[in-house]
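Engineer: Just so it is clear, I am handing over input_38.tsv, which has TSV, C-alpha atoms.
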```tsv
chain	number	residue	atom	x	y	z
A	246	MET	CA	26.76	-59.79	61.45
A	247	PHE	CA	26.48	-63.53	62.12
A	248	ILE	CA	28.75	-65.34	64.52
A	249	ASP	CA	30.16	-68.76	63.61
A	250	PHE	CA	28.82	-70.55	66.68
A	251	THR	CA	30.80	-73.08	68.71
A	252	ASP	CA	28.95	-76.09	70.16
A	253	LYS	CA	28.58	-74.26	73.49
A	254	GLU	CA	27.26	-71.18	71.73
A	255	ARG	CA	24.88	-73.37	69.68
A	256	VAL	CA	23.19	-74.54	72.91
A	257	ILE	CA	22.70	-70.93	73.98
A	258	GLN	CA	21.56	-69.95	70.50
A	259	ASP	CA	18.97	-72.74	70.47
A	260	SER	CA	17.45	-71.39	73.70
A	261	TRP	CA	16.25	-68.20	71.99
A	262	LYS	CA	12.65	-69.48	71.82
A	263	ASN	CA	12.47	-69.36	75.63
A	264	TRP	CA	12.93	-65.59	75.33
A	265	SER	CA	11.02	-64.99	72.09
A	266	TYR	CA	8.49	-62.62	73.67
A	267	TYR	CA	11.31	-60.06	74.06
A	268	ALA	CA	11.82	-60.09	70.31
A	269	ASP	CA	8.46	-60.77	68.67
A	270	CYS	CA	6.29	-58.87	71.21
A	271	LYS	CA	3.12	-60.63	70.09
A	272	GLU	CA	1.57	-60.57	73.56
A	273	GLU	CA	3.62	-58.05	75.49
A	274	GLN	CA	2.70	-54.51	74.40
A	275	TRP	CA	4.75	-52.97	77.23
A	276	LEU	CA	7.81	-54.32	75.43
A	277	MET	CA	7.18	-51.89	72.56
A	278	LYS	CA	8.18	-48.90	74.76
A	279	PRO	CA	11.61	-48.05	76.17
A	280	SER	CA	12.32	-48.39	79.87
A	281	ASP	CA	12.05	-45.09	81.78
A	282	TRP	CA	15.64	-45.28	83.02
A	283	VAL	CA	17.02	-45.10	79.45
A	284	THR	CA	15.87	-41.48	79.10
A	285	GLU	CA	17.58	-40.64	82.40
A	286	ILE	CA	20.84	-42.16	81.17
A	287	LEU	CA	20.55	-40.32	77.85
A	288	LYS	CA	20.29	-36.98	79.73
A	289	LYS	CA	23.48	-37.78	81.67
A	290	LEU	CA	25.42	-39.11	78.69
A	291	PRO	CA	28.76	-37.39	77.92
A	292	LYS	CA	28.80	-35.44	74.64
A	293	ASN	CA	31.50	-37.62	73.07
A	294	ILE	CA	29.29	-40.74	73.09
A	295	ASP	CA	28.19	-41.54	69.55
A	296	THR	CA	27.54	-45.30	69.72
A	297	VAL	CA	25.19	-47.32	71.92
A	298	TYR	CA	25.60	-51.06	72.43
A	299	ASP	CA	22.68	-52.97	73.95
A	300	PHE	CA	23.56	-56.53	74.95
A	301	GLY	CA	20.33	-58.49	75.13
A	302	CYS	CA	18.58	-55.89	72.98
A	303	GLY	CA	15.48	-58.00	72.22
A	304	ASN	CA	13.31	-55.88	69.91
A	305	GLY	CA	15.47	-52.79	70.36
A	306	ARG	CA	12.97	-50.89	72.50
A	307	ASN	CA	15.67	-49.28	74.64
A	308	PHE	CA	17.26	-47.80	71.53
A	309	ILE	CA	14.16	-45.64	70.85
A	310	PRO	CA	15.25	-42.59	72.95
A	311	PHE	CA	18.64	-42.62	71.21
A	312	GLU	CA	17.03	-42.90	67.76
A	313	LYS	CA	14.67	-39.99	68.53
A	314	SER	CA	17.39	-37.83	70.10
A	315	ASP	CA	18.71	-34.68	68.43
A	316	ARG	CA	22.11	-36.34	68.73
A	317	LYS	CA	23.06	-38.94	66.14
A	318	PHE	CA	23.92	-42.37	67.54
A	319	LYS	CA	25.08	-45.59	65.93
A	320	LEU	CA	22.95	-48.39	67.40
A	321	LYS	CA	24.50	-51.83	67.90
A	322	GLY	CA	22.26	-54.59	69.22
A	323	TYR	CA	23.40	-58.00	70.42
A	324	ASP	CA	21.07	-60.87	71.26
A	325	ILE	CA	20.57	-64.61	70.77
A	326	HIS	CA	17.46	-64.22	68.59
A	327	PRO	CA	17.62	-64.85	64.84
A	328	GLN	CA	17.29	-61.41	63.25
A	329	GLU	CA	14.39	-62.54	61.07
A	330	GLU	CA	12.38	-63.34	64.25
A	331	ILE	CA	12.72	-59.84	65.68
A	332	LYS	CA	9.81	-57.41	65.40
A	333	TRP	CA	11.68	-54.16	65.95
A	334	ALA	CA	9.93	-51.80	68.39
A	335	TYR	CA	10.58	-48.83	66.12
A	336	ASN	CA	11.37	-48.14	62.49
A	337	PHE	CA	15.08	-47.60	63.13
A	338	VAL	CA	17.00	-45.79	60.41
A	339	ASP	CA	20.16	-47.79	60.96
A	340	ILE	CA	20.71	-50.56	63.45
A	341	ASP	CA	23.60	-53.01	63.40
A	342	TYR	CA	22.61	-56.39	64.81
A	343	THR	CA	24.88	-59.23	65.92
A	344	ARG	CA	23.54	-62.58	67.00
A	345	ALA	CA	25.73	-63.61	69.92
A	346	SER	CA	25.49	-64.36	73.63
A	347	ILE	CA	27.27	-62.60	76.48
A	348	GLN	CA	29.41	-65.72	76.84
A	349	LYS	CA	30.50	-65.54	73.19
A	350	VAL	CA	31.42	-61.88	73.45
A	351	CYS	CA	33.54	-62.68	76.54
A	352	GLU	CA	35.66	-65.23	74.69
A	353	GLU	CA	39.24	-64.14	74.13
A	354	SER	CA	38.89	-64.81	70.42
A	355	TYR	CA	35.92	-62.44	70.01
A	356	LYS	CA	37.03	-59.10	68.58
A	357	PHE	CA	35.10	-55.86	68.19
A	358	LEU	CA	35.60	-54.17	64.85
A	359	ASP	CA	35.80	-50.74	66.48
A	360	SER	CA	37.07	-49.24	69.73
A	361	LEU	CA	34.34	-48.74	72.34
A	362	GLU	CA	35.94	-45.52	73.56
A	363	ASP	CA	33.04	-43.25	72.57
A	364	SER	CA	30.36	-45.80	73.37
A	365	LEU	CA	27.74	-46.58	75.97
A	366	VAL	CA	27.34	-50.27	76.81
A	367	MET	CA	24.02	-51.17	78.37
A	368	THR	CA	21.99	-54.21	79.40
A	369	ALA	CA	18.43	-54.64	80.65
A	370	GLY	CA	18.06	-57.85	82.62
A	371	THR	CA	20.67	-59.72	80.62
A	372	LEU	CA	23.65	-60.04	82.94
A	373	MET	CA	21.59	-61.61	85.70
A	374	TYR	CA	21.35	-64.77	83.61
A	375	VAL	CA	25.10	-65.35	83.50
A	376	THR	CA	27.42	-66.09	86.39
A	377	PRO	CA	29.10	-63.29	88.36
A	378	GLU	CA	32.40	-64.50	86.87
A	379	THR	CA	31.02	-64.03	83.35
A	380	GLN	CA	29.60	-60.62	84.31
A	381	ASN	CA	33.04	-59.50	85.45
A	382	LEU	CA	34.66	-60.97	82.31
A	383	PHE	CA	32.13	-58.98	80.27
A	384	LEU	CA	33.03	-55.74	82.07
A	385	LYS	CA	36.74	-56.44	81.61
A	386	LYS	CA	36.22	-57.16	77.89
A	387	MET	CA	34.43	-53.83	77.46
A	388	GLN	CA	37.13	-51.96	79.39
A	389	ASP	CA	39.88	-53.71	77.40
A	390	ASN	CA	38.17	-52.22	74.33
A	391	PHE	CA	38.35	-48.75	75.93
A	392	CYS	CA	34.72	-48.46	77.08
A	393	SER	CA	34.17	-46.41	80.24
A	394	ASN	CA	30.42	-45.72	79.98
A	395	PHE	CA	28.00	-48.32	81.29
A	396	ALA	CA	24.33	-48.67	82.25
A	397	PHE	CA	23.25	-52.07	83.57
A	398	PHE	CA	19.61	-52.53	84.58
A	399	GLU	CA	19.78	-55.66	86.70
A	400	HIS	CA	18.54	-57.06	90.00
A	401	GLU	CA	20.29	-56.14	93.23
A	402	PRO	CA	22.39	-58.81	94.94
A	403	GLU	CA	20.23	-58.29	98.06
A	404	SER	CA	17.12	-59.44	96.17
A	405	LYS	CA	18.58	-62.98	96.00
A	406	ARG	CA	16.46	-63.70	92.95
A	407	PRO	CA	16.79	-67.37	92.01
A	408	ASP	CA	17.18	-66.50	88.31
A	409	GLY	CA	20.17	-64.28	89.00
A	410	VAL	CA	21.42	-60.94	90.26
A	411	PHE	CA	24.00	-58.26	89.46
A	412	GLY	CA	27.36	-59.77	90.38
A	413	MET	CA	29.82	-56.94	89.78
A	414	PRO	CA	31.16	-54.83	92.67
A	415	THR	CA	28.29	-52.36	93.11
A	416	LYS	CA	30.42	-49.74	94.90
A	417	SER	CA	32.05	-48.82	91.59
A	418	PHE	CA	28.70	-47.72	90.09
A	419	ASN	CA	26.15	-44.98	90.63
A	420	ILE	CA	22.56	-46.14	91.06
A	421	ILE	CA	19.17	-45.19	89.62
A	422	LYS	CA	16.10	-46.86	91.12
A	423	PRO	CA	13.44	-46.51	88.42
A	424	ALA	CA	10.09	-45.41	89.85
A	425	GLY	CA	7.98	-46.89	87.09
A	426	TYR	CA	9.25	-50.46	87.38
A	427	SER	CA	6.66	-52.68	89.04
A	428	GLN	CA	7.93	-56.25	89.30
A	429	LYS	CA	7.97	-57.96	92.70
A	430	SER	CA	11.74	-57.50	92.84
A	431	PRO	CA	12.42	-54.24	91.01
A	432	GLY	CA	15.65	-53.76	89.14
A	433	VAL	CA	18.28	-51.13	89.67
A	434	VAL	CA	20.34	-49.28	87.09
A	435	TYR	CA	24.03	-49.52	87.88
A	436	TYR	CA	25.76	-46.88	85.79
A	437	ARG	CA	29.15	-45.31	85.32
A	438	LEU	CA	29.66	-42.43	82.89
A	439	SER	CA	32.98	-40.70	82.22
```
Could I get this file's structure written as structure tokens?
Structural biologist:
Amino acid sequence: MFIDFTDKERVIQDSWKNWSYYADCKEEQWLMKPSDWVTEILKKLPKNIDTVYDFGCGNGRNFIPFEKSDRKFKLKGYDIHPQEEIKWAYNFVDIDYTRASIQKVCEESYKFLDSLEDSLVMTAGTLMYVTPETQNLFLKKMQDNFCSNFAFFEHEPESKRPDGVFGMPTKSFNIIKPAGYSQKSPGVVYYRLS
């Protein structure tokens, strides 16, 4: 799917080259493997979940455990990269890709084609780059579309990272602190599964 970009969205869209290593993976081999926390979430996932949305999906690496699972999942990736620039991390059987930013998805006029009732919505270091107000708008948009299953791998508010932190009320989420993550300010998975 291709979004008809507004001027504001065009500015965001044009910034994709700043993040190209998450999509083309020419120099970052670690980006060809899923994050450890994704497998943990998959184990905890309710049986009714049949669709996984990854906002800021990059090359789709965090879809790999879902693709390889005995369960069948519809995979829906969202990112600002042109699809032709993405080197997918796996030979996915069926992946639905939409080029759009978090901000675009939060707009009142943006409509999902399907209910998100039986879906997992996840991010991996995406929400930290938008304001806390936009993060909360994003959560509300997902809930307004009947989603109640979330996994957000973001940086803790206490880390005070200058590039951004998780800005939603953390008390409403369970937490996984991935052992294998080795950045100076490790991320935390904020999740809620129904």
Engineer: Could you work out how far CA of Thr371 (chain A) lies from CA of Asp299 (chain A), giving the answer in Å with one decimal?
Structural biologist: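 Between these atoms lies a distance of 9.7 Å.
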Engineer: Select, from A:Asn394, A:Phe337, A:Cys302, A:Thr343, the residue with the minimum atom-to-atom distance to Leu372 (chain A), counting all atoms listed in the file.
Structural biologist: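 Among the listed residues, A:Cys302 lies closest to Leu372 (chain A).
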Engineer: Considering only C-alpha atoms, can you say which of A:Ser364, A:Thr296, A:Ser354, A:Thr379 comes closest to Asp341 (chain A)?
Structural biologist: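 Closest residue, counting only C-alpha atoms: A:Thr296.
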Engineer: Kindly indicate which residue among A:Asp408, A:Asp339, A:Asp363, A:Glu401 lies nearest to Val433 (chain A), using only C-alpha atoms for the distances.
Structural biologist: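 That would be A:Glu401, the residue with the smallest distance to Val433 (chain A).
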Engineer: Tell me, as a PDB file with C-alpha atoms, keeping the file's coordinate frame, which residues lie within 10 Å of Pro310 (chain A), counting only C-alpha atoms; anything in the same chain fewer than 4 positions away does not count.
Structural biologist:
```
ATOM      1  CA  LYS A 278       8.180 -48.900  74.760  1.00  0.00           C
ATOM      2  CA  PRO A 279      11.610 -48.050  76.170  1.00  0.00           C
ATOM      3  CA  SER A 280      12.320 -48.390  79.870  1.00  0.00           C
ATOM      4  CA  ASP A 281      12.050 -45.090  81.780  1.00  0.00           C
ATOM      5  CA  VAL A 283      17.020 -45.100  79.450  1.00  0.00           C
ATOM      6  CA  THR A 284      15.870 -41.480  79.100  1.00  0.00           C
ATOM      7  CA  GLU A 285      17.580 -40.640  82.400  1.00  0.00           C
ATOM      8  CA  ILE A 286      20.840 -42.160  81.170  1.00  0.00           C
ATOM      9  CA  LEU A 287      20.550 -40.320  77.850  1.00  0.00           C
ATOM     10  CA  ARG A 306      12.970 -50.890  72.500  1.00  0.00           C
ATOM     11  CA  SER A 314      17.390 -37.830  70.100  1.00  0.00           C
ATOM     12  CA  ASP A 315      18.710 -34.680  68.430  1.00  0.00           C
TER      13      ASP A 315
END
```
Engineer: Can you work out the spacing between CA of Leu361 (chain A) and CA of Lys349 (chain A) in Å, to one decimal?
Structural biologist: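 Separation between CA of Leu361 (chain A) and CA of Lys349 (chain A): 17.3 Å.
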Engineer: Any idea what's packed within 12 Å of Glu378 (chain A), counting all atoms listed in the file, ignoring anything in its chain fewer than 3 positions away? Could you give it as a list in words?
Structural biologist: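 The contact residues come out as Ile347, Gln348, Cys351, Leu372, Met373, Tyr374, Val375, Asn381, Leu382, Phe383, Leu384, Lys385, Phe411, Gly412, Met413 and Pro414 of chain A.
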